[in-house]
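A.B. asks: Here you go, this is run-v9.txt (compact mmCIF, C-alpha atoms (C1' of nucleotides)).
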```txt
# COMPACT_ATOMS: atom_id res chain seq x y z
CA MET A 47 66.68 87.66 17.17
CA ILE A 48 67.11 89.67 20.32
CA TYR A 49 70.30 88.26 21.75
CA MET A 50 73.37 90.14 22.85
CA ARG A 51 71.19 93.20 22.76
CA LEU A 52 70.13 96.11 24.88
CA SER A 53 66.41 95.97 25.67
CA LYS A 54 64.14 98.91 24.96
CA ARG A 55 63.79 99.29 28.70
CA GLY A 56 67.56 99.51 29.01
CA GLU A 57 67.88 101.86 26.08
CA TYR A 58 65.15 104.20 27.33
CA GLY A 59 66.52 104.16 30.86
CA LEU A 60 70.04 104.97 29.74
CA ARG A 61 68.81 107.76 27.48
CA ALA A 62 66.74 109.23 30.28
CA MET A 63 69.67 109.16 32.71
CA ILE A 64 71.91 110.83 30.14
CA VAL A 65 69.35 113.59 29.59
CA LEU A 66 69.05 114.08 33.33
CA ALA A 67 72.83 114.32 33.57
CA GLU A 68 72.94 116.93 30.80
CA HIS A 69 70.24 118.88 32.52
CA ALA A 70 72.07 118.72 35.84
CA THR A 71 75.25 120.22 34.42
CA ASP A 72 73.86 122.97 32.26
CA GLY A 73 73.03 125.01 35.34
CA SER A 74 69.61 126.04 34.08
CA SER A 75 66.66 125.66 36.47
CA PRO A 76 66.63 123.41 39.54
CA ASP A 77 68.02 120.39 37.63
CA MET A 78 64.77 118.47 37.95
CA MET A 79 62.85 117.05 35.02
CA GLN A 80 59.37 115.68 34.63
CA ILE A 81 58.54 112.37 33.02
CA LYS A 82 56.60 114.13 30.30
CA GLU A 83 59.54 116.38 29.49
CA ILE A 84 61.93 113.45 29.11
CA SER A 85 59.48 111.30 27.18
CA GLN A 86 58.81 114.06 24.66
CA ARG A 87 62.44 114.96 24.22
CA GLU A 88 63.56 111.34 23.75
CA GLN A 89 60.46 109.96 22.04
CA ILE A 90 59.81 107.40 24.74
CA PRO A 91 56.26 106.19 25.55
CA ALA A 92 55.42 108.11 28.72
CA LYS A 93 53.78 105.27 30.61
CA PHE A 94 56.65 102.96 29.88
CA LEU A 95 59.17 105.57 30.96
CA GLU A 96 57.22 106.01 34.18
CA GLN A 97 57.93 102.39 35.11
CA ILE A 98 61.54 102.65 34.16
CA LEU A 99 62.24 105.77 36.18
CA LEU A 100 60.44 104.27 39.14
CA THR A 101 62.66 101.22 38.97
CA LEU A 102 65.76 103.38 38.83
CA LYS A 103 64.46 105.38 41.76
CA ASN A 104 63.77 102.31 43.87
CA ALA A 105 67.28 101.13 43.05
CA GLY A 106 68.66 104.37 44.47
CA LEU A 107 69.93 106.02 41.30
CA LEU A 108 67.25 108.69 41.13
CA HIS A 109 65.44 110.88 43.60
CA SER A 110 62.05 112.37 42.98
CA LYS A 111 59.65 114.92 44.24
CA MET A 112 55.92 114.30 44.14
CA GLY A 113 53.16 116.78 43.57
CA VAL A 114 52.99 120.05 41.73
CA GLY A 115 56.39 121.15 40.43
CA GLY A 116 57.84 117.73 41.13
CA GLY A 117 60.03 115.57 38.96
CA TYR A 118 63.14 113.41 38.88
CA TYR A 119 66.80 114.19 39.45
CA LEU A 120 70.01 112.21 39.83
CA ALA A 121 70.60 110.83 43.29
CA ARG A 122 74.35 111.42 42.94
CA PRO A 123 76.71 113.46 40.79
CA ALA A 124 76.81 112.27 37.19
CA SER A 125 80.45 111.33 37.66
CA GLU A 126 79.44 108.76 40.27
CA ILE A 127 76.78 106.94 38.25
CA THR A 128 78.04 104.43 35.71
CA LEU A 129 76.35 102.93 32.69
CA GLY A 130 76.96 99.52 34.27
CA GLN A 131 74.85 100.38 37.30
CA ILE A 132 71.97 101.53 35.14
CA PHE A 133 72.25 98.61 32.76
CA ARG A 134 72.22 95.98 35.49
CA ILE A 135 69.15 97.43 37.16
CA LEU A 136 67.16 97.41 33.95
CA ASP A 137 68.55 94.50 31.95
CA GLY A 138 70.18 92.29 34.54
CA PRO A 139 73.66 90.81 34.58
CA VAL A 140 76.16 91.73 31.92
CA ALA A 141 77.48 88.20 31.45
CA PRO A 142 76.44 86.45 28.21
CA ILE A 143 76.16 83.17 30.09
CA LYS A 144 75.40 82.55 33.76
CA CYS A 145 78.52 80.56 34.55
CA VAL A 146 80.70 83.65 34.04
CA SER A 147 78.48 86.12 35.85
CA GLN A 148 79.94 87.93 38.84
CA MET A 149 76.53 89.14 39.96
CA ALA A 150 74.40 86.07 39.30
CA TYR A 151 76.62 83.03 38.96
CA GLU A 152 75.02 79.68 38.21
CA PRO A 153 76.70 76.56 36.90
CA CYS A 154 75.82 75.99 33.28
CA GLY A 155 76.15 72.24 33.23
CA CYS A 156 79.20 71.67 31.12
CA PRO A 157 81.02 68.50 32.17
CA ASN A 158 84.10 70.34 33.41
CA GLU A 159 83.60 73.99 34.11
CA GLU A 160 87.22 74.55 34.97
CA THR A 161 88.45 73.67 31.51
CA CYS A 162 85.44 74.71 29.44
CA GLY A 163 86.64 76.68 26.43
CA LEU A 164 83.31 78.33 25.78
CA ARG A 165 83.21 79.53 29.37
CA LEU A 166 86.66 81.01 29.00
CA ALA A 167 85.77 82.91 25.85
CA MET A 168 82.50 84.15 27.31
CA SER A 169 84.37 85.25 30.41
CA ASP A 170 86.56 87.44 28.20
CA VAL A 171 83.43 88.90 26.64
CA ARG A 172 81.88 89.59 30.01
CA ASN A 173 85.00 91.32 31.25
CA ALA A 174 85.24 93.43 28.12
CA ILE A 175 81.64 94.60 28.41
CA ALA A 176 81.80 95.19 32.14
CA GLY A 177 85.10 97.00 31.70
CA ILE A 178 83.44 99.53 29.45
CA LEU A 179 80.10 99.93 31.18
CA ASP A 180 81.56 100.07 34.69
CA ASN A 181 84.19 102.61 33.72
CA THR A 182 81.93 104.97 31.84
CA SER A 183 80.02 107.44 33.98
CA LEU A 184 77.15 109.67 32.94
CA ALA A 185 79.60 112.56 33.18
CA ASP A 186 81.91 110.81 30.72
CA VAL A 187 79.01 110.40 28.32
CA THR A 188 77.89 114.01 28.47
CA ARG A 189 81.48 115.24 28.14
CA ARG A 190 82.01 113.16 25.02
CA GLN A 191 78.74 114.44 23.62
CA ALA A 192 79.79 118.01 24.23
CA GLU A 193 83.16 117.40 22.57
CA LEU A 194 81.51 115.97 19.49
CA GLN A 195 79.10 118.86 19.36
CA ALA A 196 81.94 121.38 19.55
CA HIS A 197 83.77 119.54 16.81
CA ILE A 198 80.77 119.75 14.51
CA VAL A 199 80.21 123.44 15.19
CA ASN A 200 83.85 124.23 14.39
CA ARG A 201 83.97 122.62 11.02
CA MET B 290 65.71 88.76 31.47
CA ILE B 291 67.45 87.52 28.38
CA TYR B 292 69.38 90.56 27.28
CA MET B 293 73.04 90.77 26.55
CA ARG B 294 72.96 87.00 26.59
CA LEU B 295 73.91 84.06 24.47
CA SER B 296 70.85 82.05 23.41
CA LYS B 297 70.63 78.33 24.04
CA ARG B 298 70.86 77.89 20.31
CA GLY B 299 74.08 79.85 20.27
CA GLU B 300 75.46 78.08 23.30
CA TYR B 301 74.69 74.63 21.92
CA GLY B 302 76.04 75.50 18.51
CA LEU B 303 79.29 76.85 19.91
CA ARG B 304 79.72 73.83 22.16
CA ALA B 305 79.09 71.46 19.29
CA MET B 306 81.62 73.23 17.07
CA ILE B 307 84.22 73.12 19.85
CA VAL B 308 83.66 69.40 20.33
CA LEU B 309 84.01 68.86 16.60
CA ALA B 310 87.23 70.86 16.63
CA GLU B 311 88.61 68.75 19.49
CA HIS B 312 87.66 65.63 17.66
CA ALA B 313 89.34 66.83 14.49
CA THR B 314 92.67 67.46 16.18
CA ASP B 315 92.93 64.40 18.37
CA GLY B 316 93.69 62.24 15.36
CA SER B 317 91.36 59.44 16.43
CA SER B 318 88.96 58.06 13.83
CA PRO B 319 87.89 59.89 10.66
CA ASP B 320 87.15 63.16 12.52
CA MET B 321 83.44 62.84 11.89
CA MET B 322 80.82 62.87 14.62
CA GLN B 323 77.18 61.97 14.72
CA ILE B 324 74.46 64.19 16.14
CA LYS B 325 73.67 61.61 18.79
CA GLU B 326 77.28 61.45 19.89
CA ILE B 327 77.51 65.22 20.32
CA SER B 328 74.14 65.55 21.96
CA GLN B 329 74.97 62.90 24.54
CA ARG B 330 78.41 64.24 25.27
CA GLU B 331 77.20 67.83 25.67
CA GLN B 332 73.74 67.17 27.10
CA ILE B 333 71.96 68.90 24.24
CA PRO B 334 68.46 67.85 23.13
CA ALA B 335 69.14 65.80 20.01
CA LYS B 336 66.34 67.19 17.86
CA PHE B 337 67.27 70.75 18.71
CA LEU B 338 70.91 70.09 17.93
CA GLU B 339 69.83 68.63 14.60
CA GLN B 340 68.39 72.00 13.57
CA ILE B 341 71.40 73.89 14.80
CA LEU B 342 73.92 71.75 12.96
CA LEU B 343 71.82 71.96 9.83
CA THR B 344 71.86 75.74 10.05
CA LEU B 345 75.62 75.76 10.48
CA LYS B 346 75.94 73.40 7.56
CA ASN B 347 73.78 75.55 5.30
CA ALA B 348 75.89 78.52 6.32
CA GLY B 349 78.97 76.67 5.12
CA LEU B 350 80.71 76.04 8.44
CA LEU B 351 80.05 72.29 8.51
CA HIS B 352 80.03 69.48 6.02
CA SER B 353 78.09 66.29 6.46
CA LYS B 354 77.72 62.80 5.17
CA MET B 355 74.35 61.11 5.02
CA GLY B 356 73.52 57.49 5.54
CA VAL B 357 75.14 54.72 7.52
CA GLY B 358 78.41 55.83 9.05
CA GLY B 359 77.64 59.44 8.28
CA GLY B 360 77.97 62.49 10.47
CA TYR B 361 79.25 66.04 10.65
CA TYR B 362 82.71 67.53 10.35
CA LEU B 363 84.20 71.02 10.13
CA ALA B 364 84.17 72.51 6.65
CA ARG B 365 87.53 74.21 7.28
CA PRO B 366 90.45 73.89 9.67
CA ALA B 367 89.57 74.87 13.23
CA SER B 368 92.01 77.74 12.98
CA GLU B 369 89.92 79.29 10.22
CA ILE B 370 86.56 79.24 11.97
CA THR B 371 85.95 81.99 14.52
CA LEU B 372 83.47 82.19 17.35
CA GLY B 373 82.15 85.34 15.72
CA GLN B 374 81.17 83.47 12.57
CA ILE B 375 79.30 80.85 14.55
CA PHE B 376 77.67 83.36 16.85
CA ARG B 377 76.35 85.55 14.03
CA ILE B 378 74.81 82.62 12.19
CA LEU B 379 72.93 81.45 15.26
CA ASP B 380 72.27 84.61 17.25
CA GLY B 381 72.54 87.41 14.73
CA PRO B 382 74.51 90.65 14.89
CA VAL B 383 76.87 91.28 17.77
CA ALA B 384 75.91 94.92 18.27
CA PRO B 385 73.83 95.70 21.38
CA ILE B 386 71.87 98.30 19.43
CA LYS B 387 71.17 98.45 15.70
CA CYS B 388 72.62 101.90 15.11
CA VAL B 389 76.13 100.59 15.86
CA SER B 390 75.85 97.34 13.91
CA GLN B 391 78.32 96.74 11.10
CA MET B 392 76.27 93.81 9.75
CA ALA B 393 72.74 95.13 10.20
CA TYR B 394 72.79 98.89 10.63
CA GLU B 395 69.52 100.70 11.19
CA PRO B 396 69.02 104.20 12.56
CA CYS B 397 67.72 104.07 16.12
CA GLY B 398 65.83 107.33 16.08
CA CYS B 399 67.81 109.48 18.43
CA PRO B 400 67.53 113.16 17.45
CA ASN B 401 71.21 113.47 16.51
CA GLU B 402 72.95 110.20 15.86
CA GLU B 403 76.30 111.87 15.28
CA THR B 404 76.54 113.18 18.83
CA CYS B 405 74.53 110.54 20.68
CA GLY B 406 76.42 109.52 23.79
CA LEU B 407 74.62 106.24 24.21
CA ARG B 408 75.47 105.30 20.66
CA LEU B 409 79.12 106.06 21.30
CA ALA B 410 79.26 103.89 24.39
CA MET B 411 77.41 101.04 22.70
CA SER B 412 79.76 101.29 19.78
CA ASP B 413 82.65 100.69 22.19
CA VAL B 414 80.82 97.66 23.54
CA ARG B 415 80.19 96.30 20.07
CA ASN B 416 83.82 96.68 19.12
CA ALA B 417 84.98 94.99 22.29
CA ILE B 418 82.71 91.99 21.78
CA ALA B 419 83.46 91.67 18.08
CA GLY B 420 87.17 92.06 18.82
CA ILE B 421 87.09 89.00 21.01
CA LEU B 422 84.70 86.80 19.03
CA ASP B 423 86.22 87.56 15.65
CA ASN B 424 89.76 86.99 16.89
CA THR B 425 89.14 83.72 18.66
CA SER B 426 89.17 80.62 16.47
CA LEU B 427 88.03 77.14 17.39
CA ALA B 428 91.70 76.19 17.42
CA ASP B 429 92.38 78.92 19.98
CA VAL B 430 89.61 77.54 22.15
CA THR B 431 90.78 73.94 22.05
CA ARG B 432 94.38 75.01 22.66
CA ARG B 433 93.38 76.97 25.74
CA GLN B 434 91.35 74.01 26.94
CA ALA B 435 94.30 71.70 26.53
CA GLU B 436 96.57 74.10 28.40
CA LEU B 437 94.17 74.28 31.31
CA GLN B 438 93.86 70.52 31.35
CA ALA B 439 97.62 70.10 31.44
CA HIS B 440 97.88 72.60 34.25
CA ILE B 441 95.37 70.67 36.32
CA VAL B 442 97.07 67.34 35.70
CA ASN B 443 100.42 68.79 36.77
CA ARG B 444 99.33 70.13 40.08
C1' DC C 159 39.97 121.25 47.71
C1' DA C 160 41.64 120.84 43.06
C1' DA C 161 45.20 120.02 39.98
C1' DA C 162 49.80 118.35 39.10
C1' DA C 163 52.98 114.97 39.50
C1' DG C 164 54.92 110.65 41.00
C1' DT C 165 53.69 105.50 42.85
C1' DA C 166 52.10 100.98 42.25
C1' DT C 167 50.34 97.08 40.10
C1' DA C 168 47.76 94.52 36.85
C1' DC C 169 46.85 93.41 32.33
C1' DT C 170 47.20 92.84 27.17
C1' DT C 171 49.33 91.95 23.01
C1' DA C 172 52.82 90.49 20.18
C1' DT C 173 56.81 87.98 19.30
C1' DA C 174 60.71 84.88 20.06
C1' DT C 175 62.79 80.91 22.01
C1' DT C 176 63.11 76.28 22.87
C1' DA C 177 62.02 72.53 21.93
C1' DT C 178 59.27 68.21 19.72
C1' DA C 179 57.22 65.53 15.90
C1' DG C 180 57.05 63.25 11.78
C1' DA C 181 57.77 62.31 7.13
C1' DC C 182 61.53 62.25 3.68
C1' DT C 183 66.25 61.29 1.42
C1' DT C 184 70.69 59.24 1.12
C1' DT C 185 74.08 55.63 1.92
C1' DA C 186 76.25 51.33 3.45
C1' DT C 187 75.99 46.63 3.89
C1' DA C 188 73.95 41.95 4.88
C1' DT D 6 67.72 44.61 -3.03
C1' DA D 7 65.87 45.33 1.46
C1' DT D 8 66.82 47.27 5.72
C1' DA D 9 68.69 50.15 8.98
C1' DA D 10 71.41 54.13 9.96
C1' DA D 11 72.06 58.69 9.47
C1' DG D 12 71.18 63.40 7.92
C1' DT D 13 67.22 66.83 5.84
C1' DC D 14 63.26 69.54 6.03
C1' DT D 15 59.14 71.69 7.70
C1' DA D 16 55.46 72.32 10.81
C1' DT D 17 53.81 73.07 15.21
C1' DA D 18 53.38 73.18 20.32
C1' DA D 19 54.71 75.08 24.65
C1' DT D 20 56.66 78.52 27.11
C1' DA D 21 58.61 82.77 28.15
C1' DT D 22 59.51 87.57 27.57
C1' DA D 23 59.22 92.14 26.10
C1' DA D 24 56.87 96.20 25.28
C1' DG D 25 53.33 98.85 26.06
C1' DT D 26 48.64 100.25 28.15
C1' DA D 27 45.32 101.01 31.87
C1' DT D 28 43.74 102.21 36.22
C1' DA D 29 43.62 103.51 40.80
C1' DC D 30 46.26 105.68 44.43
C1' DT D 31 49.33 109.09 47.09
C1' DT D 32 51.70 113.32 47.80
C1' DT D 33 52.34 118.19 47.27
C1' DT D 34 51.38 122.98 46.08
C1' DG D 35 48.56 126.94 45.88
```
Rewrite the structure of this file - the entire thing - as structure tokens.
C.D. replies:
Amino acid sequence: MIYMRLSKRGEYGLRAMIVLAEHATDGSSPDMMQIKEISQREQIPAKFLEQILLTLKNAGLLHSKMGVGGGYYLARPASEITLGQIFRILDGPVAPIKCVSQMAYEPCGCPNEETCGLRLAMSDVRNAIAGILDNTSLADVTRRQAELQAHIVNR
Amino acid sequence: MIYMRLSKRGEYGLRAMIVLAEHATDGSSPDMMQIKEISQREQIPAKFLEQILLTLKNAGLLHSKMGVGGGYYLARPASEITLGQIFRILDGPVAPIKCVSQMAYEPCGCPNEETCGLRLAMSDVRNAIAGILDNTSLADVTRRQAELQAHIVNR
DNA sequence: CAAAAGTATACTTATATTATAGACTTTATA
DNA sequence: TATAAAGTCTATAATATAAGTATACTTTTG
């Protein structure tokens, strides 16, 4: 069963963006990373990652440089890129059912949409998910990671 | 794309359970419904619904009566059946990624699970979804439906 | 011009979902 | 007791999707 789940594409894309955000903040080197670098570090099939990063680039979340010494880097500060943006590009709308989607609404054929109890519950679910993903930036993620890391070191 | 979504199986199953819950509370007839009745009312392919109801029955959420005048009915009061129970039977674990699943944990292979930022965010998502589904009973759903209906009638 | 790196698209393989079909069992009742 | 109504069970077809692989191309640097 693969429902209510993050796809591998989504997972890999999110991981890659997080790594790029880490790299951008640590001040080392010109904050650009190559596909190969990311794929090795995160154990992601390189050719698959290639597609994913390209998609994120075409969606405006990444910039790239071709040729020798090229690579990918965030198009904006990590604080201005949310998990929701990344997720939607790679996995589509957040809503568990189309009739509650803000981005891709479609009627779902229940006799009375206005009073449909399932729709209401799924709307709550959508809002809960979107509330988290749209309010968590890459900077939030890397900050939390750093906090956890510090906590472990200190114990 | 079918990610982060309710399956048709899940949708149909939830709808059927809600209809059965409505039927149980409205006092009319012996609160039992036939597959055909449900499938017509909710526009669900009858043979598909058959499988779904059987699954829910084998999981202990429904009881049935065979033969002439038979049908399905809720195994417990609508207030004691949650959307989370139904969902998990039909669509599996709620967690968007296995490493944050309470019901079906598996490591997801990130180098350090303890400080993985993606895992942390997805754990929030899981808890948000489970919080809603596990705290919404069929009775809650039918009550909300009735409230909405009353509101429409009164305007 | 050669090598490094991203761009673009097509294809393969595997698996899951969404049904549909058909034969079987139980029960009520004419 | 025969028949029809209703659920049970299992197999299978049709379709869709995901995940990954392959290949050719373009841009850039030195």
A.B. asks: Could you write out chain A as a compact mmCIF listing (two decimals) with C-alpha atoms, keeping the file's coordinate frame once it has been least-squares superposed on chain B using every ordered C-alpha pair?
C.D. replies:
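Written out: out_6.txt:
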```
# COMPACT_ATOMS: atom_id res chain seq x y z
CA MET A 47 65.69 88.88 31.73
CA ILE A 48 67.43 87.53 28.69
CA TYR A 49 69.33 90.54 27.45
CA MET A 50 73.00 90.78 26.63
CA ARG A 51 72.97 87.02 26.66
CA LEU A 52 73.94 84.07 24.55
CA SER A 53 70.88 82.06 23.49
CA LYS A 54 70.67 78.34 24.13
CA ARG A 55 70.88 77.89 20.38
CA GLY A 56 74.11 79.88 20.35
CA GLU A 57 75.49 78.09 23.37
CA TYR A 58 74.70 74.63 22.00
CA GLY A 59 76.07 75.51 18.58
CA LEU A 60 79.32 76.85 19.97
CA ARG A 61 79.74 73.82 22.22
CA ALA A 62 79.11 71.47 19.32
CA MET A 63 81.65 73.25 17.11
CA ILE A 64 84.24 73.13 19.89
CA VAL A 65 83.69 69.39 20.33
CA LEU A 66 84.01 68.88 16.60
CA ALA A 67 87.25 70.86 16.64
CA GLU A 68 88.63 68.74 19.49
CA HIS A 69 87.67 65.62 17.64
CA ALA A 70 89.33 66.86 14.45
CA THR A 71 92.67 67.43 16.14
CA ASP A 72 92.95 64.35 18.28
CA GLY A 73 93.68 62.25 15.21
CA SER A 74 91.39 59.42 16.25
CA SER A 75 88.95 58.08 13.65
CA PRO A 76 87.87 59.96 10.52
CA ASP A 77 87.12 63.19 12.43
CA MET A 78 83.39 62.91 11.82
CA MET A 79 80.79 62.92 14.56
CA GLN A 80 77.13 62.03 14.65
CA ILE A 81 74.44 64.24 16.10
CA LYS A 82 73.65 61.64 18.72
CA GLU A 83 77.28 61.47 19.81
CA ILE A 84 77.52 65.24 20.27
CA SER A 85 74.14 65.56 21.95
CA GLN A 86 74.99 62.87 24.50
CA ARG A 87 78.43 64.21 25.23
CA GLU A 88 77.23 67.81 25.67
CA GLN A 89 73.78 67.13 27.11
CA ILE A 90 71.99 68.90 24.29
CA PRO A 91 68.46 67.86 23.19
CA ALA A 92 69.12 65.86 20.03
CA LYS A 93 66.30 67.28 17.94
CA PHE A 94 67.26 70.80 18.80
CA LEU A 95 70.89 70.13 17.99
CA GLU A 96 69.80 68.71 14.65
CA GLN A 97 68.37 72.09 13.66
CA ILE A 98 71.39 73.94 14.88
CA LEU A 99 73.91 71.82 13.01
CA LEU A 100 71.81 72.06 9.89
CA THR A 101 71.86 75.83 10.12
CA LEU A 102 75.61 75.84 10.55
CA LYS A 103 75.92 73.51 7.60
CA ASN A 104 73.76 75.66 5.35
CA ALA A 105 75.88 78.63 6.39
CA GLY A 106 78.98 76.79 5.17
CA LEU A 107 80.72 76.11 8.47
CA LEU A 108 80.05 72.39 8.53
CA HIS A 109 80.02 69.60 6.00
CA SER A 110 78.06 66.42 6.42
CA LYS A 111 77.66 62.98 5.07
CA MET A 112 74.26 61.34 4.88
CA GLY A 113 73.39 57.72 5.32
CA VAL A 114 74.98 54.91 7.24
CA GLY A 115 78.29 55.94 8.82
CA GLY A 116 77.56 59.58 8.12
CA GLY A 117 77.94 62.57 10.38
CA TYR A 118 79.23 66.13 10.62
CA TYR A 119 82.71 67.60 10.34
CA LEU A 120 84.22 71.07 10.13
CA ALA A 121 84.17 72.60 6.68
CA ARG A 122 87.54 74.26 7.32
CA PRO A 123 90.47 73.91 9.69
CA ALA A 124 89.60 74.88 13.25
CA SER A 125 92.06 77.75 13.02
CA GLU A 126 89.97 79.32 10.27
CA ILE A 127 86.60 79.24 12.03
CA THR A 128 85.99 81.98 14.58
CA LEU A 129 83.52 82.19 17.42
CA GLY A 130 82.18 85.35 15.79
CA GLN A 131 81.19 83.49 12.64
CA ILE A 132 79.33 80.86 14.62
CA PHE A 133 77.70 83.37 16.93
CA ARG A 134 76.38 85.55 14.12
CA ILE A 135 74.84 82.63 12.28
CA LEU A 136 72.96 81.45 15.34
CA ASP A 137 72.27 84.60 17.34
CA GLY A 138 72.53 87.38 14.81
CA PRO A 139 74.52 90.60 14.98
CA VAL A 140 76.88 91.23 17.84
CA ALA A 141 75.90 94.87 18.29
CA PRO A 142 73.80 95.65 21.40
CA ILE A 143 71.83 98.21 19.40
CA LYS A 144 71.14 98.34 15.67
CA CYS A 145 72.60 101.78 15.05
CA VAL A 146 76.11 100.49 15.81
CA SER A 147 75.86 97.22 13.92
CA GLN A 148 78.32 96.63 11.10
CA MET A 149 76.31 93.70 9.77
CA ALA A 150 72.77 94.98 10.18
CA TYR A 151 72.81 98.74 10.59
CA GLU A 152 69.52 100.55 11.12
CA PRO A 153 69.00 104.04 12.45
CA CYS A 154 67.68 103.95 15.98
CA GLY A 155 65.80 107.20 15.94
CA CYS A 156 67.79 109.39 18.25
CA PRO A 157 67.54 113.04 17.23
CA ASN A 158 71.20 113.33 16.28
CA GLU A 159 72.94 110.06 15.65
CA GLU A 160 76.28 111.70 15.07
CA THR A 161 76.52 113.07 18.59
CA CYS A 162 74.50 110.45 20.46
CA GLY A 163 76.38 109.48 23.61
CA LEU A 164 74.56 106.21 24.07
CA ARG A 165 75.44 105.23 20.52
CA LEU A 166 79.07 105.99 21.18
CA ALA A 167 79.20 103.87 24.32
CA MET A 168 77.35 101.00 22.66
CA SER A 169 79.75 101.23 19.74
CA ASP A 170 82.62 100.65 22.17
CA VAL A 171 80.78 97.64 23.54
CA ARG A 172 80.17 96.24 20.09
CA ASN A 173 83.81 96.63 19.13
CA ALA A 174 84.97 94.99 22.33
CA ILE A 175 82.73 91.97 21.82
CA ALA A 176 83.48 91.64 18.13
CA GLY A 177 87.18 92.05 18.86
CA ILE A 178 87.11 88.99 21.06
CA LEU A 179 84.74 86.77 19.11
CA ASP A 180 86.28 87.55 15.72
CA ASN A 181 89.81 86.97 16.95
CA THR A 182 89.18 83.71 18.74
CA SER A 183 89.20 80.62 16.54
CA LEU A 184 88.06 77.13 17.44
CA ALA A 185 91.73 76.18 17.46
CA ASP A 186 92.42 78.90 20.03
CA VAL A 187 89.64 77.53 22.20
CA THR A 188 90.81 73.93 22.08
CA ARG A 189 94.42 74.98 22.70
CA ARG A 190 93.42 76.93 25.79
CA GLN A 191 91.38 73.99 26.99
CA ALA A 192 94.33 71.68 26.56
CA GLU A 193 96.60 74.08 28.44
CA LEU A 194 94.20 74.26 31.35
CA GLN A 195 93.88 70.50 31.40
CA ALA A 196 97.66 70.07 31.49
CA HIS A 197 97.88 72.59 34.30
CA ILE A 198 95.38 70.65 36.38
CA VAL A 199 97.09 67.32 35.77
CA ASN A 200 100.45 68.75 36.86
CA ARG A 201 99.37 70.08 40.18
```
A.B. asks: For atom CA of Leu379 of chain B and atom CA of Met355 of chain B, quote the distance in Å rounded to one decimal.
C.D. replies: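 So the two atoms, atom CA of Leu379 of chain B and atom CA of Met355 of chain B, lie 22.8 Å apart.
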A.B. asks: Of the candidates A:Ala92, A:Met168, A:Pro157, A:Ala124, which shows the shortest atom-to-atom distance to Cys145 of chain A, using all atoms listed in the file?
C.D. replies: A:Met168
A.B. asks: Give one line per residue of chain B that approaches chain D to at most 6 Å, naming the two atoms of the closest pair and their distance in Å to one decimal, counting only C-alpha atoms (C1' of nucleotides); sort by chain then ascending residue number and deliver it as a Markdown table.
C.D. replies:
```
| residue | atom | partner | partner_atom | distance |
| --- | --- | --- | --- | --- |
| B:Met355 | CA | D:DG12 | C1' | 4.9 |
| B:Gly356 | CA | D:DA11 | C1' | 4.4 |
| B:Val357 | CA | D:DA10 | C1' | 4.5 |
| B:Gly359 | CA | D:DA11 | C1' | 5.8 |
```
A.B. asks: Counting all atoms listed in the file, give me one row per residue of chain C with an atom at most 6 Å from an atom of chain B, showing the shortest contact pair and its distance in Å to one decimal, sorted by chain then residue number, as a Markdown table.
C.D. replies:
```
| residue | atom | partner | partner_atom | distance |
| --- | --- | --- | --- | --- |
| C:DT184 | C1' | B:Gly356 | CA | 5.5 |
| C:DT185 | C1' | B:Gly356 | CA | 4.1 |
| C:DA186 | C1' | B:Val357 | CA | 5.4 |
```
A.B. asks: Please indicate the distance in Å from atom CA of Thr344 of chain B to atom CA of Gly381 of chain B, rounded to one decimal place.
C.D. replies: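 That distance, rounded to one decimal, is 12.6 Å.
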